[in-house]
file run-v3.tsv (TSV, N, CA and C atoms)
chain	number	residue	atom	x	y	z
A	24	MET	N	-8.08	57.48	55.29
A	24	MET	CA	-9.29	56.81	54.90
A	24	MET	C	-10.38	57.13	55.91
A	25	LYS	N	-11.56	57.39	55.46
A	25	LYS	CA	-12.67	57.70	56.35
A	25	LYS	C	-13.15	56.43	57.04
A	26	PRO	N	-13.33	56.46	58.37
A	26	PRO	CA	-13.72	55.26	59.10
A	26	PRO	C	-15.08	54.72	58.69
A	27	ASN	N	-15.99	55.59	58.26
A	27	ASN	CA	-17.32	55.12	57.91
A	27	ASN	C	-17.35	54.34	56.59
A	28	LEU	N	-16.28	54.34	55.83
A	28	LEU	CA	-16.23	53.57	54.60
A	28	LEU	C	-15.40	52.30	54.75
A	29	TYR	N	-14.75	52.13	55.89
A	29	TYR	CA	-13.90	50.98	56.12
A	29	TYR	C	-14.68	49.68	56.00
A	30	LYS	N	-15.88	49.65	56.57
A	30	LYS	CA	-16.72	48.45	56.53
A	30	LYS	C	-17.04	48.04	55.08
A	31	SER	N	-17.36	49.00	54.23
A	31	SER	CA	-17.68	48.68	52.84
A	31	SER	C	-16.46	48.14	52.10
A	32	GLN	N	-15.28	48.62	52.45
A	32	GLN	CA	-14.06	48.11	51.82
A	32	GLN	C	-13.85	46.64	52.18
A	33	ILE	N	-14.03	46.33	53.45
A	33	ILE	CA	-13.85	44.95	53.91
A	33	ILE	C	-14.83	44.03	53.20
A	34	ILE	N	-16.08	44.46	53.11
A	34	ILE	CA	-17.10	43.65	52.45
A	34	ILE	C	-16.73	43.43	50.99
A	35	ALA	N	-16.30	44.47	50.31
A	35	ALA	CA	-15.93	44.35	48.89
A	35	ALA	C	-14.78	43.37	48.70
A	36	VAL	N	-13.77	43.45	49.56
A	36	VAL	CA	-12.63	42.55	49.46
A	36	VAL	C	-13.06	41.12	49.72
A	37	ILE	N	-13.89	40.91	50.74
A	37	ILE	CA	-14.38	39.56	51.05
A	37	ILE	C	-15.16	38.98	49.87
A	38	MET	N	-16.00	39.80	49.25
A	38	MET	CA	-16.80	39.33	48.11
A	38	MET	C	-15.89	38.93	46.94
A	39	ILE	N	-14.87	39.71	46.68
A	39	ILE	CA	-13.95	39.39	45.58
A	39	ILE	C	-13.18	38.12	45.87
A	40	VAL	N	-12.67	38.01	47.11
A	40	VAL	CA	-11.91	36.81	47.49
A	40	VAL	C	-12.80	35.57	47.41
A	41	LEU	N	-14.02	35.67	47.93
A	41	LEU	CA	-14.95	34.53	47.84
A	41	LEU	C	-15.22	34.17	46.39
A	42	GLY	N	-15.39	35.16	45.55
A	42	GLY	CA	-15.63	34.90	44.13
A	42	GLY	C	-14.48	34.17	43.49
A	43	ILE	N	-13.26	34.56	43.84
A	43	ILE	CA	-12.08	33.90	43.28
A	43	ILE	C	-11.98	32.48	43.81
A	44	VAL	N	-12.14	32.30	45.12
A	44	VAL	CA	-12.04	30.97	45.74
A	44	VAL	C	-13.09	30.02	45.19
A	45	LEU	N	-14.30	30.53	45.02
A	45	LEU	CA	-15.39	29.70	44.53
A	45	LEU	C	-15.43	29.62	43.01
A	46	GLY	N	-14.54	30.31	42.35
A	46	GLY	CA	-14.49	30.26	40.89
A	46	GLY	C	-15.64	31.01	40.23
A	47	LEU	N	-16.19	31.96	40.94
A	47	LEU	CA	-17.31	32.73	40.39
A	47	LEU	C	-16.78	33.94	39.65
A	48	ALA	N	-17.50	34.35	38.66
A	48	ALA	CA	-17.14	35.58	37.95
A	48	ALA	C	-17.60	36.75	38.80
A	49	VAL	N	-16.71	37.66	39.09
A	49	VAL	CA	-17.04	38.82	39.89
A	49	VAL	C	-16.85	40.05	39.00
A	50	PRO	N	-17.95	40.53	38.39
A	50	PRO	CA	-17.80	41.69	37.52
A	50	PRO	C	-17.49	42.94	38.35
A	51	VAL	N	-16.42	43.61	38.00
A	51	VAL	CA	-16.05	44.84	38.69
A	51	VAL	C	-16.03	45.95	37.65
A	52	SER	N	-16.99	46.83	37.74
A	52	SER	CA	-17.06	47.94	36.81
A	52	SER	C	-15.96	48.93	37.14
A	53	SER	N	-15.23	49.36	36.14
A	53	SER	CA	-14.16	50.32	36.38
A	53	SER	C	-14.73	51.64	36.89
A	54	GLU	N	-15.92	52.01	36.43
A	54	GLU	CA	-16.55	53.24	36.90
A	54	GLU	C	-16.90	53.12	38.37
A	55	ILE	N	-17.48	52.00	38.78
A	55	ILE	CA	-17.85	51.83	40.18
A	55	ILE	C	-16.60	51.78	41.05
A	56	SER	N	-15.56	51.13	40.58
A	56	SER	CA	-14.30	51.09	41.33
A	56	SER	C	-13.73	52.49	41.51
A	57	ARG	N	-13.78	53.27	40.45
A	57	ARG	CA	-13.28	54.65	40.51
A	57	ARG	C	-14.09	55.47	41.51
A	58	VAL	N	-15.41	55.31	41.47
A	58	VAL	CA	-16.30	56.05	42.36
A	58	VAL	C	-16.04	55.65	43.81
A	59	MET	N	-15.92	54.36	44.06
A	59	MET	CA	-15.69	53.90	45.42
A	59	MET	C	-14.35	54.44	45.95
A	60	LYS	N	-13.36	54.49	45.10
A	60	LYS	CA	-12.06	55.03	45.51
A	60	LYS	C	-12.20	56.51	45.87
A	61	LYS	N	-12.95	57.24	45.04
A	61	LYS	CA	-13.17	58.66	45.29
A	61	LYS	C	-13.94	58.87	46.59
A	62	LEU	N	-14.96	58.04	46.83
A	62	LEU	CA	-15.72	58.13	48.07
A	62	LEU	C	-14.83	57.83	49.28
A	63	GLN	N	-13.97	56.85	49.17
A	63	GLN	CA	-13.07	56.48	50.27
A	63	GLN	C	-12.08	57.60	50.56
A	64	GLN	N	-11.60	58.25	49.52
A	64	GLN	CA	-10.59	59.28	49.70
A	64	GLN	C	-11.14	60.55	50.32
A	65	ASN	N	-12.29	61.00	49.84
A	65	ASN	CA	-12.78	62.29	50.34
A	65	ASN	C	-14.27	62.34	50.66
A	66	GLY	N	-14.96	61.23	50.62
A	66	GLY	CA	-16.37	61.19	51.02
A	66	GLY	C	-17.31	61.89	50.07
A	67	GLU	N	-16.89	62.13	48.85
A	67	GLU	CA	-17.79	62.77	47.89
A	67	GLU	C	-17.57	62.23	46.49
A	68	CYS	N	-18.62	62.27	45.74
A	68	CYS	CA	-18.56	61.89	44.33
A	68	CYS	C	-19.74	62.56	43.62
A	69	ARG	N	-19.63	63.85	43.48
A	69	ARG	CA	-20.69	64.62	42.82
A	69	ARG	C	-20.74	64.26	41.34
A	70	ARG	N	-21.96	64.19	40.83
A	70	ARG	CA	-22.23	63.92	39.41
A	70	ARG	C	-21.70	62.56	38.93
A	71	CYS	N	-21.47	61.64	39.84
A	71	CYS	CA	-20.98	60.31	39.46
A	71	CYS	C	-22.05	59.54	38.69
A	72	ASP	N	-21.61	58.72	37.78
A	72	ASP	CA	-22.52	57.86	37.02
A	72	ASP	C	-22.51	56.47	37.65
A	73	LEU	N	-23.55	56.17	38.42
A	73	LEU	CA	-23.69	54.89	39.09
A	73	LEU	C	-25.01	54.21	38.69
A	74	GLU	N	-25.44	54.46	37.46
A	74	GLU	CA	-26.69	53.83	37.00
A	74	GLU	C	-26.55	52.32	37.05
A	75	GLU	N	-27.57	51.66	37.59
A	75	GLU	CA	-27.65	50.20	37.69
A	75	GLU	C	-26.57	49.60	38.60
A	76	ALA	N	-25.85	50.41	39.36
A	76	ALA	CA	-24.78	49.91	40.24
A	76	ALA	C	-25.37	49.19	41.45
A	77	ASP	N	-24.66	48.18	41.93
A	77	ASP	CA	-25.06	47.47	43.14
A	77	ASP	C	-24.28	48.04	44.31
A	78	LEU	N	-24.93	48.89	45.08
A	78	LEU	CA	-24.34	49.50	46.26
A	78	LEU	C	-25.10	49.05	47.51
A	79	SER	N	-25.73	47.91	47.41
A	79	SER	CA	-26.57	47.42	48.50
A	79	SER	C	-25.75	47.15	49.76
A	80	GLY	N	-26.32	47.56	50.89
A	80	GLY	CA	-25.74	47.27	52.19
A	80	GLY	C	-24.50	48.07	52.55
A	81	LEU	N	-24.13	49.05	51.76
A	81	LEU	CA	-22.92	49.82	52.05
A	81	LEU	C	-23.18	50.88	53.12
A	82	PHE	N	-22.13	51.31	53.77
A	82	PHE	CA	-22.17	52.36	54.79
A	82	PHE	C	-21.69	53.64	54.14
A	83	LEU	N	-22.65	54.45	53.69
A	83	LEU	CA	-22.33	55.68	52.97
A	83	LEU	C	-22.83	56.91	53.72
A	84	GLN	N	-22.72	56.88	55.02
A	84	GLN	CA	-23.17	57.98	55.86
A	84	GLN	C	-22.32	59.22	55.59
A	85	ASN	N	-22.97	60.37	55.49
A	85	ASN	CA	-22.33	61.68	55.30
A	85	ASN	C	-21.64	61.87	53.95
A	86	VAL	N	-21.86	61.01	52.98
A	86	VAL	CA	-21.20	61.19	51.68
A	86	VAL	C	-21.95	62.22	50.84
A	87	ASP	N	-21.26	62.81	49.89
A	87	ASP	CA	-21.85	63.78	48.97
A	87	ASP	C	-22.03	63.11	47.61
A	88	LEU	N	-23.27	62.77	47.31
A	88	LEU	CA	-23.62	62.20	46.01
A	88	LEU	C	-24.58	63.13	45.28
A	89	SER	N	-24.40	64.43	45.48
A	89	SER	CA	-25.28	65.39	44.83
A	89	SER	C	-25.14	65.28	43.32
A	90	LYS	N	-26.26	65.33	42.65
A	90	LYS	CA	-26.38	65.24	41.19
A	90	LYS	C	-25.86	63.92	40.63
A	91	ALA	N	-25.73	62.91	41.49
A	91	ALA	CA	-25.26	61.60	41.02
A	91	ALA	C	-26.35	60.90	40.21
A	92	LYS	N	-25.92	60.12	39.24
A	92	LYS	CA	-26.84	59.32	38.43
A	92	LYS	C	-26.93	57.94	39.06
A	93	LEU	N	-27.99	57.69	39.79
A	93	LEU	CA	-28.20	56.43	40.50
A	93	LEU	C	-29.46	55.72	39.99
A	94	ARG	N	-29.84	56.04	38.78
A	94	ARG	CA	-31.06	55.45	38.21
A	94	ARG	C	-30.92	53.92	38.14
A	95	GLY	N	-31.90	53.23	38.72
A	95	GLY	CA	-31.91	51.78	38.70
A	95	GLY	C	-30.87	51.13	39.61
A	96	ALA	N	-30.22	51.92	40.44
A	96	ALA	CA	-29.18	51.38	41.33
A	96	ALA	C	-29.81	50.56	42.45
A	97	ASN	N	-29.05	49.59	42.94
A	97	ASN	CA	-29.48	48.79	44.07
A	97	ASN	C	-28.85	49.39	45.32
A	98	LEU	N	-29.67	50.06	46.11
A	98	LEU	CA	-29.24	50.68	47.36
A	98	LEU	C	-29.96	50.04	48.54
A	99	ARG	N	-30.39	48.82	48.35
A	99	ARG	CA	-31.15	48.12	49.38
A	99	ARG	C	-30.28	47.95	50.64
A	100	GLY	N	-30.84	48.42	51.77
A	100	GLY	CA	-30.15	48.28	53.04
A	100	GLY	C	-28.94	49.19	53.22
A	101	THR	N	-28.77	50.14	52.34
A	101	THR	CA	-27.61	51.04	52.40
A	101	THR	C	-27.84	52.14	53.44
A	102	ASN	N	-26.80	52.46	54.20
A	102	ASN	CA	-26.87	53.53	55.18
A	102	ASN	C	-26.47	54.82	54.50
A	103	LEU	N	-27.45	55.70	54.30
A	103	LEU	CA	-27.22	56.99	53.67
A	103	LEU	C	-27.61	58.13	54.63
A	104	ILE	N	-27.45	57.89	55.93
A	104	ILE	CA	-27.76	58.92	56.92
A	104	ILE	C	-26.92	60.15	56.63
A	105	LYS	N	-27.57	61.30	56.62
A	105	LYS	CA	-26.93	62.60	56.39
A	105	LYS	C	-26.19	62.71	55.06
A	106	ALA	N	-26.51	61.85	54.12
A	106	ALA	CA	-25.88	61.93	52.80
A	106	ALA	C	-26.47	63.11	52.03
A	107	ASN	N	-25.67	63.70	51.18
A	107	ASN	CA	-26.15	64.77	50.31
A	107	ASN	C	-26.55	64.14	48.98
A	108	LEU	N	-27.85	64.03	48.76
A	108	LEU	CA	-28.38	63.47	47.52
A	108	LEU	C	-29.13	64.54	46.72
A	109	GLU	N	-28.82	65.79	46.98
A	109	GLU	CA	-29.50	66.88	46.29
A	109	GLU	C	-29.40	66.70	44.78
A	110	ARG	N	-30.54	66.75	44.11
A	110	ARG	CA	-30.66	66.63	42.66
A	110	ARG	C	-30.16	65.29	42.09
A	111	ALA	N	-30.03	64.29	42.95
A	111	ALA	CA	-29.62	62.97	42.47
A	111	ALA	C	-30.76	62.32	41.70
A	112	ASP	N	-30.42	61.50	40.73
A	112	ASP	CA	-31.41	60.76	39.95
A	112	ASP	C	-31.52	59.35	40.52
A	113	LEU	N	-32.57	59.11	41.29
A	113	LEU	CA	-32.81	57.81	41.92
A	113	LEU	C	-34.02	57.12	41.31
A	114	ARG	N	-34.37	57.50	40.10
A	114	ARG	CA	-35.53	56.86	39.46
A	114	ARG	C	-35.28	55.36	39.31
A	115	ASP	N	-36.32	54.60	39.63
A	115	ASP	CA	-36.29	53.13	39.51
A	115	ASP	C	-35.23	52.48	40.41
A	116	ALA	N	-34.70	53.20	41.38
A	116	ALA	CA	-33.70	52.62	42.29
A	116	ALA	C	-34.38	51.77	43.36
A	117	ASP	N	-33.66	50.78	43.86
A	117	ASP	CA	-34.15	49.93	44.94
A	117	ASP	C	-33.61	50.49	46.25
A	118	LEU	N	-34.48	51.15	46.99
A	118	LEU	CA	-34.10	51.76	48.27
A	118	LEU	C	-34.75	51.04	49.44
A	119	ARG	N	-35.20	49.81	49.23
A	119	ARG	CA	-35.83	49.06	50.32
A	119	ARG	C	-34.85	48.92	51.48
A	120	ASP	N	-35.38	49.15	52.67
A	120	ASP	CA	-34.61	49.00	53.91
A	120	ASP	C	-33.42	49.95	54.02
A	121	ALA	N	-33.32	50.93	53.14
A	121	ALA	CA	-32.22	51.90	53.23
A	121	ALA	C	-32.53	52.91	54.34
A	122	ASN	N	-31.48	53.51	54.89
A	122	ASN	CA	-31.65	54.53	55.92
A	122	ASN	C	-31.25	55.87	55.33
A	123	LEU	N	-32.26	56.73	55.14
A	123	LEU	CA	-32.05	58.05	54.55
A	123	LEU	C	-32.33	59.16	55.56
A	124	LYS	N	-32.28	58.85	56.85
A	124	LYS	CA	-32.57	59.87	57.86
A	124	LYS	C	-31.58	61.02	57.74
A	125	ASP	N	-32.13	62.22	57.78
A	125	ASP	CA	-31.36	63.46	57.71
A	125	ASP	C	-30.59	63.63	56.40
A	126	ALA	N	-30.88	62.82	55.40
A	126	ALA	CA	-30.25	62.99	54.08
A	126	ALA	C	-30.88	64.19	53.37
A	127	ASP	N	-30.10	64.89	52.58
A	127	ASP	CA	-30.61	66.00	51.78
A	127	ASP	C	-31.23	65.42	50.52
A	128	LEU	N	-32.55	65.47	50.45
A	128	LEU	CA	-33.28	64.94	49.30
A	128	LEU	C	-33.89	66.06	48.46
A	129	SER	N	-33.28	67.24	48.52
A	129	SER	CA	-33.78	68.38	47.76
A	129	SER	C	-33.74	68.08	46.27
A	130	ARG	N	-34.87	68.23	45.63
A	130	ARG	CA	-35.03	68.08	44.18
A	130	ARG	C	-34.52	66.73	43.65
A	131	VAL	N	-34.59	65.71	44.49
A	131	VAL	CA	-34.19	64.37	44.06
A	131	VAL	C	-35.28	63.77	43.17
A	132	LYS	N	-34.89	62.98	42.20
A	132	LYS	CA	-35.85	62.31	41.31
A	132	LYS	C	-36.07	60.89	41.83
A	133	LEU	N	-37.30	60.60	42.25
A	133	LEU	CA	-37.61	59.30	42.86
A	133	LEU	C	-38.69	58.52	42.12
A	134	GLU	N	-39.09	58.94	40.93
A	134	GLU	CA	-40.14	58.24	40.22
A	134	GLU	C	-39.76	56.78	40.02
A	135	GLY	N	-40.66	55.90	40.41
A	135	GLY	CA	-40.45	54.47	40.21
A	135	GLY	C	-39.53	53.81	41.23
A	136	ALA	N	-38.99	54.59	42.16
A	136	ALA	CA	-38.08	54.02	43.17
A	136	ALA	C	-38.89	53.20	44.18
A	137	ASP	N	-38.30	52.13	44.66
A	137	ASP	CA	-38.93	51.26	45.66
A	137	ASP	C	-38.48	51.75	47.03
A	138	LEU	N	-39.40	52.35	47.76
A	138	LEU	CA	-39.09	52.94	49.07
A	138	LEU	C	-39.65	52.13	50.23
A	139	ARG	N	-40.01	50.88	49.99
A	139	ARG	CA	-40.57	50.07	51.08
A	139	ARG	C	-39.56	49.92	52.21
A	140	ASN	N	-40.04	50.18	53.42
A	140	ASN	CA	-39.24	50.07	54.65
A	140	ASN	C	-38.04	51.01	54.68
A	141	THR	N	-38.04	52.03	53.84
A	141	THR	CA	-36.97	53.03	53.86
A	141	THR	C	-37.18	53.93	55.06
A	142	GLN	N	-36.12	54.21	55.79
A	142	GLN	CA	-36.20	55.07	56.96
A	142	GLN	C	-35.96	56.52	56.54
A	143	LEU	N	-36.96	57.35	56.84
A	143	LEU	CA	-36.90	58.77	56.52
A	143	LEU	C	-37.41	59.57	57.71
A	144	ASN	N	-36.99	60.81	57.83
A	144	ASN	CA	-37.59	61.72	58.80
A	144	ASN	C	-38.89	62.24	58.21
A	145	GLU	N	-39.85	62.50	59.05
A	145	GLU	CA	-41.16	62.97	58.57
A	145	GLU	C	-41.02	64.25	57.75
A	146	GLU	N	-40.14	65.16	58.17
A	146	GLU	CA	-39.98	66.43	57.45
A	146	GLU	C	-39.32	66.26	56.08
A	147	GLN	N	-38.75	65.09	55.81
A	147	GLN	CA	-38.15	64.85	54.50
A	147	GLN	C	-39.19	64.46	53.45
A	148	LEU	N	-40.36	64.08	53.91
A	148	LEU	CA	-41.37	63.58	52.98
A	148	LEU	C	-41.93	64.70	52.12
A	149	ASP	N	-41.87	64.53	50.85
A	149	ASP	CA	-42.37	65.51	49.89
A	149	ASP	C	-43.72	65.04	49.42
A	150	PRO	N	-44.74	65.89	49.47
A	150	PRO	CA	-46.07	65.47	49.04
A	150	PRO	C	-46.14	65.00	47.58
A	151	LYS	N	-45.16	65.38	46.76
A	151	LYS	CA	-45.14	64.99	45.35
A	151	LYS	C	-44.80	63.50	45.18
A	152	TRP	N	-44.20	62.86	46.22
A	152	TRP	CA	-43.82	61.47	46.10
A	152	TRP	C	-45.05	60.64	46.26
call {"tool": "encode", "arguments": {"input": "run-v3.tsv", "output": "C-alpha coordinates"}}
result
Amino acid sequence: MKPNLYKSQIIAVIMIVLGIVLGLAVPVSSEISRVMKKLQQNGECRRCDLEEADLSGLFLQNVDLSKAKLRGANLRGTNLIKANLERADLRDADLRDANLKDADLSRVKLEGADLRNTQLNEEQLDPKW
(Lines of atoms letter the chains of each structure in order from A and count residues from 1; the text may use other names and numbers.)
(Lines give C-alpha, C1' and ligand atoms only; values in the text may rest on other atoms or scores of the structure.)
Protein backbone atom coordinates (compact mmCIF):
# COMPACT_ATOMS: atom_id res chain seq x y z
CA MET A 1 0.00 0.00 0.00
CA LYS A 2 1.31 3.44 -0.82
CA PRO A 3 1.97 5.51 2.33
CA ASN A 4 0.53 8.68 0.82
CA LEU A 5 -2.91 7.06 0.55
CA TYR A 6 -2.95 5.61 4.06
CA LYS A 7 -4.42 8.80 5.54
CA SER A 8 -7.35 8.78 3.09
CA GLN A 9 -8.10 5.15 3.96
CA ILE A 10 -8.26 5.95 7.67
CA ILE A 11 -10.55 8.90 7.03
CA ALA A 12 -12.86 6.80 4.85
CA VAL A 13 -13.10 4.06 7.48
CA ILE A 14 -13.77 6.59 10.25
CA MET A 15 -16.54 8.21 8.19
CA ILE A 16 -18.21 4.86 7.52
CA VAL A 17 -17.96 3.78 11.17
CA LEU A 18 -19.36 7.12 12.35
CA GLY A 19 -22.19 6.81 9.86
CA ILE A 20 -23.07 3.36 11.14
CA VAL A 21 -22.81 4.37 14.81
CA LEU A 22 -24.90 7.48 14.28
CA GLY A 23 -27.39 5.64 12.08
CA LEU A 24 -26.65 7.83 9.10
CA ALA A 25 -26.92 6.63 5.55
CA VAL A 26 -23.45 6.51 4.05
CA PRO A 27 -23.75 6.21 0.28
CA VAL A 28 -20.78 4.34 -1.12
CA SER A 29 -20.58 4.36 -4.88
CA SER A 30 -19.20 1.11 -6.22
CA GLU A 31 -17.34 3.08 -8.90
CA ILE A 32 -15.68 5.34 -6.35
CA SER A 33 -14.80 2.34 -4.18
CA ARG A 34 -13.24 0.61 -7.19
CA VAL A 35 -11.28 3.74 -8.10
CA MET A 36 -10.02 4.24 -4.56
CA LYS A 37 -8.88 0.62 -4.45
CA LYS A 38 -7.06 1.06 -7.74
CA LEU A 39 -5.42 4.26 -6.49
CA GLN A 40 -4.33 2.53 -3.28
CA GLN A 41 -2.86 -0.42 -5.14
CA ASN A 42 -0.83 1.37 -7.78
CA GLY A 43 -1.32 5.14 -7.49
CA GLU A 44 -3.07 5.48 -10.83
CA CYS A 45 -6.52 5.48 -12.28
CA ARG A 46 -6.37 6.73 -15.84
CA ARG A 47 -9.69 7.48 -17.55
CA CYS A 48 -11.63 6.86 -14.32
CA ASP A 49 -15.19 8.11 -14.12
CA LEU A 50 -15.41 10.20 -10.94
CA GLU A 51 -18.04 12.71 -12.04
CA GLU A 52 -19.72 14.36 -9.03
CA ALA A 53 -17.52 12.29 -6.64
CA ASP A 54 -16.66 13.64 -3.20
CA LEU A 55 -12.89 13.41 -2.93
CA SER A 56 -12.55 16.41 -0.65
CA GLY A 57 -9.60 16.54 1.70
CA LEU A 58 -7.89 13.42 0.35
CA PHE A 59 -4.13 12.98 0.03
CA LEU A 60 -3.66 12.17 -3.65
CA GLN A 61 -0.08 13.33 -4.13
CA ASN A 62 1.74 11.82 -7.15
CA VAL A 63 -1.33 9.93 -8.43
CA ASP A 64 -2.06 9.48 -12.13
CA LEU A 65 -5.56 10.69 -12.96
CA SER A 66 -4.82 11.50 -16.59
CA LYS A 67 -7.94 11.68 -18.75
CA ALA A 68 -10.10 11.13 -15.64
CA LYS A 69 -13.69 12.36 -15.67
CA LEU A 70 -13.87 14.62 -12.61
CA ARG A 71 -16.60 16.94 -13.84
CA GLY A 72 -18.46 18.44 -10.88
CA ALA A 73 -16.28 16.54 -8.40
CA ASN A 74 -15.63 17.90 -4.93
CA LEU A 75 -11.86 18.18 -4.58
CA ARG A 76 -11.94 20.90 -1.96
CA GLY A 77 -8.80 20.82 0.18
CA THR A 78 -7.42 17.80 -1.69
CA ASN A 79 -3.65 17.39 -1.95
CA LEU A 80 -2.86 16.83 -5.62
CA ILE A 81 0.81 17.84 -5.53
CA LYS A 82 2.64 16.34 -8.52
CA ALA A 83 -0.52 14.57 -9.66
CA ASN A 84 -0.88 13.78 -13.35
CA LEU A 85 -4.13 15.43 -14.43
CA GLU A 86 -3.24 15.67 -18.11
CA ARG A 87 -6.43 15.92 -20.20
CA ALA A 88 -8.62 15.44 -17.11
CA ASP A 89 -12.13 16.89 -17.21
CA LEU A 90 -12.44 19.16 -14.17
CA ARG A 91 -15.27 21.31 -15.48
CA ASP A 92 -17.50 22.62 -12.69
CA ALA A 93 -15.27 20.91 -10.08
CA ASP A 94 -14.78 22.40 -6.61
CA LEU A 95 -11.03 22.90 -6.25
CA ARG A 96 -11.16 25.47 -3.45
CA ASP A 97 -8.19 25.19 -1.11
CA ALA A 98 -6.76 22.29 -3.16
CA ASN A 99 -3.00 22.00 -3.63
CA LEU A 100 -2.07 21.50 -7.27
CA LYS A 101 1.59 22.53 -7.06
CA ASP A 102 3.71 20.77 -9.67
CA ALA A 103 0.65 18.90 -10.98
CA ASP A 104 0.52 18.21 -14.72
CA LEU A 105 -2.38 20.32 -15.94
CA SER A 106 -1.66 19.89 -19.65
CA ARG A 107 -4.85 20.25 -21.69
CA VAL A 108 -7.02 19.99 -18.58
CA LYS A 109 -10.63 21.22 -18.89
CA LEU A 110 -11.34 23.75 -16.13
CA GLU A 111 -14.36 25.69 -17.40
CA GLY A 112 -16.61 26.58 -14.49
CA ALA A 113 -14.24 25.11 -11.88
CA ASP A 114 -13.95 26.95 -8.57
CA LEU A 115 -10.26 27.68 -8.09
CA ARG A 116 -10.48 30.04 -5.11
CA ASN A 117 -7.48 29.64 -2.81
CA THR A 118 -6.12 26.82 -4.98
CA GLN A 119 -2.35 26.52 -4.72
CA LEU A 120 -0.61 26.51 -8.08
CA ASN A 121 2.87 27.28 -9.37
CA GLU A 122 3.03 30.44 -11.44
CA GLU A 123 4.29 28.50 -14.48
CA GLN A 124 1.19 26.27 -14.34
CA LEU A 125 -1.13 29.18 -15.03
CA ASP A 126 -2.58 29.07 -18.51
CA PRO A 127 -3.70 32.42 -19.93
CA LYS A 128 -6.84 30.70 -21.31
CA TRP A 129 -8.15 30.17 -17.75
call {"tool": "closest_residue", "arguments": {"input": "run-v3.tsv", "among": "A:Leu93, A:Leu143, A:Met59, A:Val86", "to": "Lys105 in chain A", "atoms": "only N, CA and C atoms"}}
result
A:Val86
call {"tool": "atom_distance", "arguments": {"input": "run-v3.tsv", "atom1": "CA of Arg139 in chain A", "atom2": "CA of Lys90 in chain A"}}
result
23.0 Å
call {"tool": "residues_around", "arguments": {"input": "run-v3.tsv", "residues": "Asp127 in chain A", "least_positions_apart": "3", "cutoff": "5 Å", "atoms": "all atoms listed in the file", "output": "VMD selection string"}}
result
chain A and resid 106 to 109
call {"tool": "atom_distance", "arguments": {"input": "run-v3.tsv", "atom1": "CA of Leu123 in chain A", "atom2": "CA of Ser56 in chain A"}}
result
23.2 Å
call {"tool": "closest_residue", "arguments": {"input": "run-v3.tsv", "among": "A:Leu73, A:Leu98, A:Ala91, A:Leu138", "to": "Arg110 in chain A", "atoms": "only N, CA and C atoms"}}
result
A:Ala91
call {"tool": "closest_residue", "arguments": {"input": "run-v3.tsv", "among": "A:Asp112, A:Asp72, A:Asp87, A:Glu67", "to": "Glu134 in chain A", "atoms": "only N, CA and C atoms"}}
result
A:Asp112
call {"tool": "atom_distance", "arguments": {"input": "run-v3.tsv", "atom1": "CA of Cys71 in chain A", "atom2": "atom N of Ala126 in chain A"}}
result
18.9 Å
call {"tool": "closest_residue", "arguments": {"input": "run-v3.tsv", "among": "A:Ser129, A:Gln63, A:Gln147, A:Asn97", "to": "Asp115 in chain A", "atoms": "all atoms listed in the file"}}
result
A:Asn97
call {"tool": "axis_aligned_box", "arguments": {"input": "run-v3.tsv", "around": "range 55-70 of chain A", "padding_each_side": "6 Å", "output": "JSON"}}
result
{"center_x": -16.4, "center_y": 57.9, "center_z": 44.9, "size_x": 23.6, "size_y": 25.5, "size_z": 24.2}
